[in-house]
Amino acid sequence: MKTIKEIYKVEGMSCTACASSVNSMLSSVEGVVTANVNFANQTVLVEFDPLKASPKQLEDAVSKIGYSLITDKVLMADEEAGEARRLRKARINLFSSFSFAIPVFIISMFLPDLPYRNWIMLALSCPVMFWFGREFFVIAWKRARHLTTNMDTLVAMGSGTAFLFSLYNTFFPSSAGPSGMASHMYYEAAVVIISFILLGRFLEERARSKTSSSIRKLLNLGVKTARVIRNGEEKEVLISKVRIGDIVVIRPGEKIPVDGHVTEGESLVDESMITGESVPVMKKTGEQLIGATLNQTGSLLMLAERIGEQTVLAQIIRLVQEAQGSRAPVQKTVDRIASVFVPVVICIAVLTFISWLVFLPGMGFSHAVTAAVSVLIIACPCALGLATPTAIIVGLGKAAEHGILIKDAQSLEEFCRLDLLVLDKTGTITTGKPSVSELRWDESNPLPEESRDEVSAAVASIEWRSEHPYALALCEYLDITRNPDTTVTGFESVTGKGVSGFYGNNQYHIGSPTYVADKGCSVPPGLAEYQQLLRKQAFSVVFISQNFRVLAVAAISDSIKPGSAGAVRELKEMGLQIHMLSGDSVAISSQVASKAGIDYFKAEASPVEKSEYIRDKRKSGLRVGMVGDGINDSPALALADVGIAMGTGTDIAIESASIILLKGDLAKLAMALKISRQTVKTIRQNLFWAFFYNVISIPIAAGLLFPFTGFLLNPMIAGAAMAFSSVSVVSNSLLLKTRKIV
């Protein structure tokens with residue numbers, strides 16, 4: 001069976017329970033192999049047999065349970081505009097709802113003698129209930145039609161019951177008889193519930209908007225046009241018009257449009273956006289070129305071999321999309337329990353009402369109604385709705401104060417459960433920028449100090465004319481990066497090998513050992529031995545010769561960040577396994593891993609191999625986190641249970657990740673893990689007390705104590721108890737702010 005994979009947009013999902021329903025419905029369609037809903041992105045990755053299932057059938061299946069599946073290919077601009085529109089709507093609903101809820105709360109709590117008090121609260125509550133919060137009731141109704149429940153059902157029932165109860169008492173204040181128990185108002189409970197849940201929805205929508213923008217940024221890396229030679233003429237055509245077998249012209253400073261190999265010319269090519277390695281690679285006739293990489297120094301002709309969806313960049317985009325789609329959303333505790341909790345509460349309220357009428361008929365209809373309403377009010381999910389978002393807000397703020405951006409609650413929950421943390425090398429453990437570790441002079445025939453200064457000035461002046469990263473590293477080491485001496489003549493650059501020129505009356509050759517040997521320069525035995533030692537230690541070597549005699553050798557490497565080794569050691573002490581992935585050579589990777597204290601590494605890993613490594617580790621049962629900073633890391637970041645990006649890295653890596661270390665400091669990882677553990681612990685405490693409160697209070701509200709003590713819970717007390725549970729949850733979350741990170 002030949003199957004195809006497609007990513008479709010899903011509209012109407014409001015929680016992970018919704019995502020589960022869509023996933024189940026699609027999986028039940030004949031011909032569908034797998035269906036993985038990503039609630040964060042509001043998308044679903046479907047693998048299906050096109051001979052047995054069609055996009056229209058998938059649309060129909062999803063529409064039956066009240067959601068919409070968009071199978072038409074949507075233009076990226078339209079999708080971006082749609083996301084902006086949804087985010088703007090969520091923001092307007094949030095602030096508008098609070099602008100009405102706050103006056104209702106003030107009137108209810110502090111102005112008991114205000115004239116026309118109940119009617120004013122009713123007028124202020126209606127916009128919140130029937131406009132800004134209407135989606136909760138619409139979705140709850142759709143779920144009810146299919147005999148399912150979710151968090152929206154809790155919100156709709158709780159706020160709706162409080163509102164209807166208050167509405168009845170506003171129009172019929174004396175209908176409850178002499179007890180007067182039905183005269184209390186709960187408008188503030190109804191609108192506050194709606195407002196706080198809207199706050200959570202707004203934060204979720206903003207996180208989704210940021211996540212999906214990573215795909216657009218990846219697409220923007222591509223080239224719009226290309227120069228091709230057809231019928232002996234050079235023509236500029238749209239990238240979509242390039243054909244396999246075309247000869248493509250790439251000039252210095254231009255991006256390579258498609259994948260292929262060099263047919264003529266040689267040049268340095270910056271492949272860092274794909275490989276993550278900062279040093280440009282020399283490309284000669286016959287060598288492979290990757291689309292979207294940057295040609296730096298020379299002109300090239302290439303044969304187009306892979307175009308469109310076949311290019312490496314297109315494959316990376318697809319990997320990111322599939323990784324985001326295949327990562328099943330973590331079922332939040334509230335949604336899992338709510339699926340059982342809501343029907344149970346409804347049944348208890350109904351049984352309470354019937355029991356009062358059957359077993360205590362003399363108490364009257366009003367007592368039965370009061371008890372049933374008390375059950376629904378006291379079971380109102382205000383504390384449940386606040387349990388997670390309040391802890392998340394405090395936890396995220398605490399992390400942000402320390403330079404750690406955590407995008408969502410799922411990342412917090414998953415981060416503290418990780419078994420394995422995989423680190424990229426370049427830009428994550430190391431600085432990502434070549435630097436001179438040491439400049440050793442020839443001691444067999446030492447130069448006077450003033451002569452060394454003259455040679456240093458000459459080297460910096462000559463290298464300043466080169467754009468090679470090693471040249472920039474030498475200039476920075478010699479501290480001559482601006483206004484160098486301009487008395488250089490006869491400058492010559494051999495791409496990827498070295499440079500030469502005259503400074504004063506002396507001729508200099510600066511470059512690789514092969515380059516200076518080709519120029520006939522002699523190497524002193526001491527420096528030759530030192531060169532071999534540097535090679536074994538995975539350093540790059542640059543010789544400096546004056547008048548055909550090598551005077552010094554520079555050891556160049558991508559140095560380890562100061563805090564990397566300490567961060568690895570601390571993470572190990574916290575129980576995590578640490579591995580390293582790198583696109584660099586085995587020798588260099590081994591050296592870096594040894595210095596950082598990492599026991600296992602994989603070198604020469606492509607973006608696809610990195611993502612496969614993450615996938616294999618997850619299949620083995622490990623919870624895996626990935627830390628990276630380059631475009632080449634983005635598929636692995638998206639595929640990992642938790643993707644962590646260095647804030648100094650590329651925008652694509654940052655958008656693909658769910659946790660960002662803003663200053664690119666690996667030492668912040670341990671701190672992020674501690675904050676994650678503290679926040680998740682607080683969430684669990686909040687949920688425990690919220691549900692424990694319901695377990696204790698619902699039987700009392702139902703009248704369990706009445707036969708023994710004559711006590712029947714007043715709805716006003718039920719409302720106060722509900723408010724107290726919310727205050728306790730918020731207070732516990734605020735304590736998180738004062739806890740030390742240990």
# chains A, B, ... in the order shown; residues from 1 in each chain; ligands from 1
>>> residues_around(residues="range 247-263 of chain A", least_positions_apart="5", cutoff="8 Å", atoms="only C-alpha atoms", output="PyMOL selection string")
chain A and resi 222-230+239+283-308+311-312
>>> write_last_selection(atoms="N, CA, C and O atoms", output="compact mmCIF listing (two decimals), in the first residue's frame")
# COMPACT_ATOMS: atom_id res chain seq x y z
N GLY A 222 14.64 30.36 1.21
CA GLY A 222 14.80 29.96 -0.19
C GLY A 222 15.00 31.14 -1.12
O GLY A 222 14.74 32.30 -0.78
N VAL A 223 15.48 30.82 -2.31
CA VAL A 223 15.75 31.85 -3.33
C VAL A 223 14.51 32.00 -4.21
O VAL A 223 13.84 31.03 -4.53
N LYS A 224 14.21 33.24 -4.60
CA LYS A 224 13.02 33.51 -5.43
C LYS A 224 13.30 33.28 -6.92
O LYS A 224 12.43 32.82 -7.65
N THR A 225 14.51 33.65 -7.36
CA THR A 225 14.86 33.53 -8.78
C THR A 225 16.22 32.87 -8.92
O THR A 225 16.99 32.77 -7.95
N ALA A 226 16.53 32.45 -10.14
CA ALA A 226 17.84 31.85 -10.44
C ALA A 226 18.25 32.23 -11.85
O ALA A 226 17.40 32.49 -12.72
N ARG A 227 19.58 32.28 -12.07
CA ARG A 227 20.11 32.54 -13.40
C ARG A 227 20.49 31.21 -14.03
O ARG A 227 21.32 30.48 -13.49
N VAL A 228 19.88 30.89 -15.15
CA VAL A 228 20.17 29.63 -15.85
C VAL A 228 20.65 29.92 -17.26
O VAL A 228 20.33 30.97 -17.84
N ILE A 229 21.44 28.99 -17.79
CA ILE A 229 21.93 29.12 -19.17
C ILE A 229 21.11 28.18 -20.05
O ILE A 229 21.14 26.96 -19.88
N ARG A 230 20.37 28.77 -20.97
CA ARG A 230 19.56 27.99 -21.92
C ARG A 230 19.80 28.53 -23.32
O ARG A 230 19.72 29.74 -23.55
N ILE A 239 12.29 30.54 -9.43
CA ILE A 239 12.86 29.30 -8.93
C ILE A 239 11.99 28.10 -9.30
O ILE A 239 12.49 26.99 -9.50
N LYS A 283 34.52 24.81 -2.41
CA LYS A 283 33.79 24.00 -3.38
C LYS A 283 34.49 24.10 -4.73
O LYS A 283 34.73 25.20 -5.25
N LYS A 284 34.82 22.93 -5.29
CA LYS A 284 35.48 22.84 -6.59
C LYS A 284 34.64 22.00 -7.54
O LYS A 284 33.59 21.49 -7.16
N THR A 285 35.12 21.85 -8.76
CA THR A 285 34.40 21.09 -9.77
C THR A 285 34.08 19.68 -9.26
O THR A 285 34.96 18.98 -8.75
N GLY A 286 32.81 19.29 -9.37
CA GLY A 286 32.37 17.96 -8.97
C GLY A 286 31.81 17.89 -7.56
O GLY A 286 31.19 16.89 -7.20
N GLU A 287 32.01 18.93 -6.75
CA GLU A 287 31.55 18.89 -5.37
C GLU A 287 30.11 19.38 -5.26
O GLU A 287 29.64 20.19 -6.05
N GLN A 288 29.42 18.87 -4.23
CA GLN A 288 27.99 19.12 -4.07
C GLN A 288 27.72 20.51 -3.49
O GLN A 288 28.46 21.01 -2.64
N LEU A 289 26.64 21.12 -3.96
CA LEU A 289 26.16 22.40 -3.45
C LEU A 289 24.74 22.22 -2.90
O LEU A 289 23.95 21.45 -3.46
N ILE A 290 24.45 22.93 -1.82
CA ILE A 290 23.15 22.83 -1.16
C ILE A 290 22.40 24.13 -1.34
O ILE A 290 22.94 25.22 -1.11
N GLY A 291 21.16 24.04 -1.76
CA GLY A 291 20.34 25.23 -1.96
C GLY A 291 20.16 26.03 -0.68
O GLY A 291 20.09 25.46 0.41
N ALA A 292 20.12 27.37 -0.82
CA ALA A 292 19.94 28.34 0.27
C ALA A 292 21.22 28.65 1.02
O ALA A 292 21.24 29.52 1.88
N THR A 293 22.34 27.94 0.70
CA THR A 293 23.62 28.31 1.29
C THR A 293 24.20 29.49 0.52
O THR A 293 23.78 29.81 -0.59
N LEU A 294 25.23 30.15 1.08
CA LEU A 294 25.72 31.43 0.55
C LEU A 294 27.07 31.28 -0.12
O LEU A 294 28.05 30.86 0.51
N ASN A 295 27.13 31.62 -1.39
CA ASN A 295 28.39 31.65 -2.13
C ASN A 295 29.13 32.94 -1.75
O ASN A 295 28.58 34.03 -1.82
N GLN A 296 30.42 32.80 -1.36
CA GLN A 296 31.11 33.97 -0.82
C GLN A 296 32.08 34.65 -1.79
O GLN A 296 31.98 35.85 -2.02
N THR A 297 33.02 33.89 -2.34
CA THR A 297 34.16 34.57 -2.97
C THR A 297 34.22 34.48 -4.49
O THR A 297 34.58 35.45 -5.15
N GLY A 298 33.91 33.33 -5.06
CA GLY A 298 34.10 33.17 -6.50
C GLY A 298 32.80 32.90 -7.24
O GLY A 298 31.75 32.68 -6.64
N SER A 299 32.87 32.93 -8.57
CA SER A 299 31.71 32.61 -9.40
C SER A 299 31.68 31.11 -9.68
O SER A 299 32.73 30.48 -9.85
N LEU A 300 30.49 30.55 -9.74
CA LEU A 300 30.33 29.12 -9.94
C LEU A 300 29.27 28.85 -11.01
O LEU A 300 28.32 29.61 -11.17
N LEU A 301 29.49 27.74 -11.72
CA LEU A 301 28.44 27.16 -12.55
C LEU A 301 28.08 25.82 -11.92
O LEU A 301 28.96 25.05 -11.52
N MET A 302 26.79 25.53 -11.82
CA MET A 302 26.38 24.28 -11.21
C MET A 302 25.31 23.60 -12.05
O MET A 302 24.57 24.25 -12.79
N LEU A 303 25.25 22.28 -11.92
CA LEU A 303 24.22 21.49 -12.58
C LEU A 303 23.10 21.24 -11.58
O LEU A 303 23.32 20.70 -10.49
N ALA A 304 21.89 21.67 -11.91
CA ALA A 304 20.73 21.47 -11.02
C ALA A 304 20.34 20.00 -11.00
O ALA A 304 20.06 19.41 -12.04
N GLU A 305 20.34 19.40 -9.81
CA GLU A 305 20.03 17.98 -9.68
C GLU A 305 18.79 17.71 -8.82
O GLU A 305 18.10 16.72 -9.03
N ARG A 306 18.54 18.58 -7.85
CA ARG A 306 17.35 18.43 -7.00
C ARG A 306 16.67 19.79 -6.88
O ARG A 306 17.30 20.78 -6.49
N ILE A 307 15.38 19.80 -7.20
CA ILE A 307 14.63 21.06 -7.19
C ILE A 307 13.36 20.88 -6.38
O ILE A 307 12.96 19.75 -6.06
N GLY A 308 12.72 22.00 -6.05
CA GLY A 308 11.42 21.94 -5.37
C GLY A 308 11.47 21.17 -4.07
O GLY A 308 12.31 21.41 -3.20
N THR A 311 14.90 19.34 -2.56
CA THR A 311 16.09 20.00 -2.01
C THR A 311 16.24 19.72 -0.52
O THR A 311 15.29 19.36 0.17
N VAL A 312 17.47 19.93 -0.03
CA VAL A 312 17.75 19.71 1.40
C VAL A 312 16.91 20.66 2.25
O VAL A 312 16.35 20.26 3.28
>>> closest_atom_pairs(of="range 554-671 of chain A", to="range 429-440 of chain A", cutoff="6 Å", atoms="only C-alpha atoms", output="tab-separated table")
residue	atom	partner	partner_atom	distance
A:Ala554	CA	A:Leu439	CA	4.4
A:Ala555	CA	A:Glu438	CA	5.3
A:Ile556	CA	A:Val436	CA	4.4
A:Ser557	CA	A:Pro434	CA	5.3
A:Asp558	CA	A:Pro434	CA	4.5
A:Ser559	CA	A:Thr430	CA	5.5
A:Ile560	CA	A:Thr430	CA	4.0
A:Lys561	CA	A:Thr430	CA	5.1
A:Ser564	CA	A:Ile429	CA	5.6
>>> atom_distance(atom1="CA of Gly66 in chain A", atom2="CA of Leu51 in chain A")
26.2 Å
>>> residues_around(residues="Tyr8 in chain A", least_positions_apart="2", cutoff="6 Å", atoms="only C-alpha atoms", output="list in words")
Thr43, Val44, Ile70 and Thr71 of chain A
>>> closest_residue(among="A:Gly133, A:Gly160, A:Gly647, A:Pro707", to="Ile406 in chain A", atoms="only C-alpha atoms")
A:Gly647
>>> atom_distance(atom1="CA of Trp689 in chain A", atom2="CA of Ala399 in chain A")
24.8 Å
>>> residues_around(residues="Leu581 in chain A", least_positions_apart="6", cutoff="6 Å", atoms="only C-alpha atoms", output="PyMOL selection string")
chain A and resi 424+601-602
>>> write_last_selection(atoms="C-alpha atoms", output="compact mmCIF listing (two decimals), in the first residue's frame")
# COMPACT_ATOMS: atom_id res chain seq x y z
CA ASP A 424 24.65 20.52 19.51
CA PHE A 601 29.08 12.03 20.92
CA LYS A 602 28.16 11.57 17.27
>>> closest_residue(among="A:Leu412, A:Ile120, A:Leu447, A:Ala603", to="Ile107 in chain A", atoms="only C-alpha atoms")
A:Ile120
>>> closest_residue(among="A:Phe706, A:Trp131, A:Phe502, A:Trp441", to="Phe543 in chain A", atoms="only C-alpha atoms")
A:Trp441
>>> closest_residue(among="A:Ile698, A:Phe171, A:Leu396, A:Val281", to="Val269 in chain A", atoms="only C-alpha atoms")
A:Val281
>>> residues_around(residues="Ala701 in chain A", least_positions_apart="3", cutoff="7 Å", atoms="only C-alpha atoms", output="list in words")
Ala371, Ser374, Val375, Ser697, Ile698 and Leu713 of chain A
>>> closest_atom_pairs(of="range 545-624 of chain A", to="range 662-683 of chain A", cutoff="6 Å", atoms="only C-alpha atoms", output="CSV")
residue,atom,partner,partner_atom,distance
A:Gly563,CA,A:Ala667,CA,5.6
A:Ser564,CA,A:Leu666,CA,5.8
A:Ala567,CA,A:Ala667,CA,4.6
A:Leu571,CA,A:Ala670,CA,5.9
>>> write_last_selection(atoms="C-alpha atoms", output="compact mmCIF listing (two decimals), in the first residue's frame")
# COMPACT_ATOMS: atom_id res chain seq x y z
CA GLY A 563 30.30 27.78 31.45
CA SER A 564 29.77 24.72 29.24
CA ALA A 567 26.74 23.15 33.04
CA LEU A 571 23.07 18.51 34.65
>>> atom_distance(atom1="CA of Gly501 in chain A", atom2="CA of Leu534 in chain A")
26.2 Å
>>> select_by_dssp(residues="range 551-735 of chain A", states="alpha helix (DSSP H)", output="PyMOL selection string")
chain A and resi 564-573+586-596+607-619+634-639+651-656+668-702+706-709+715-735
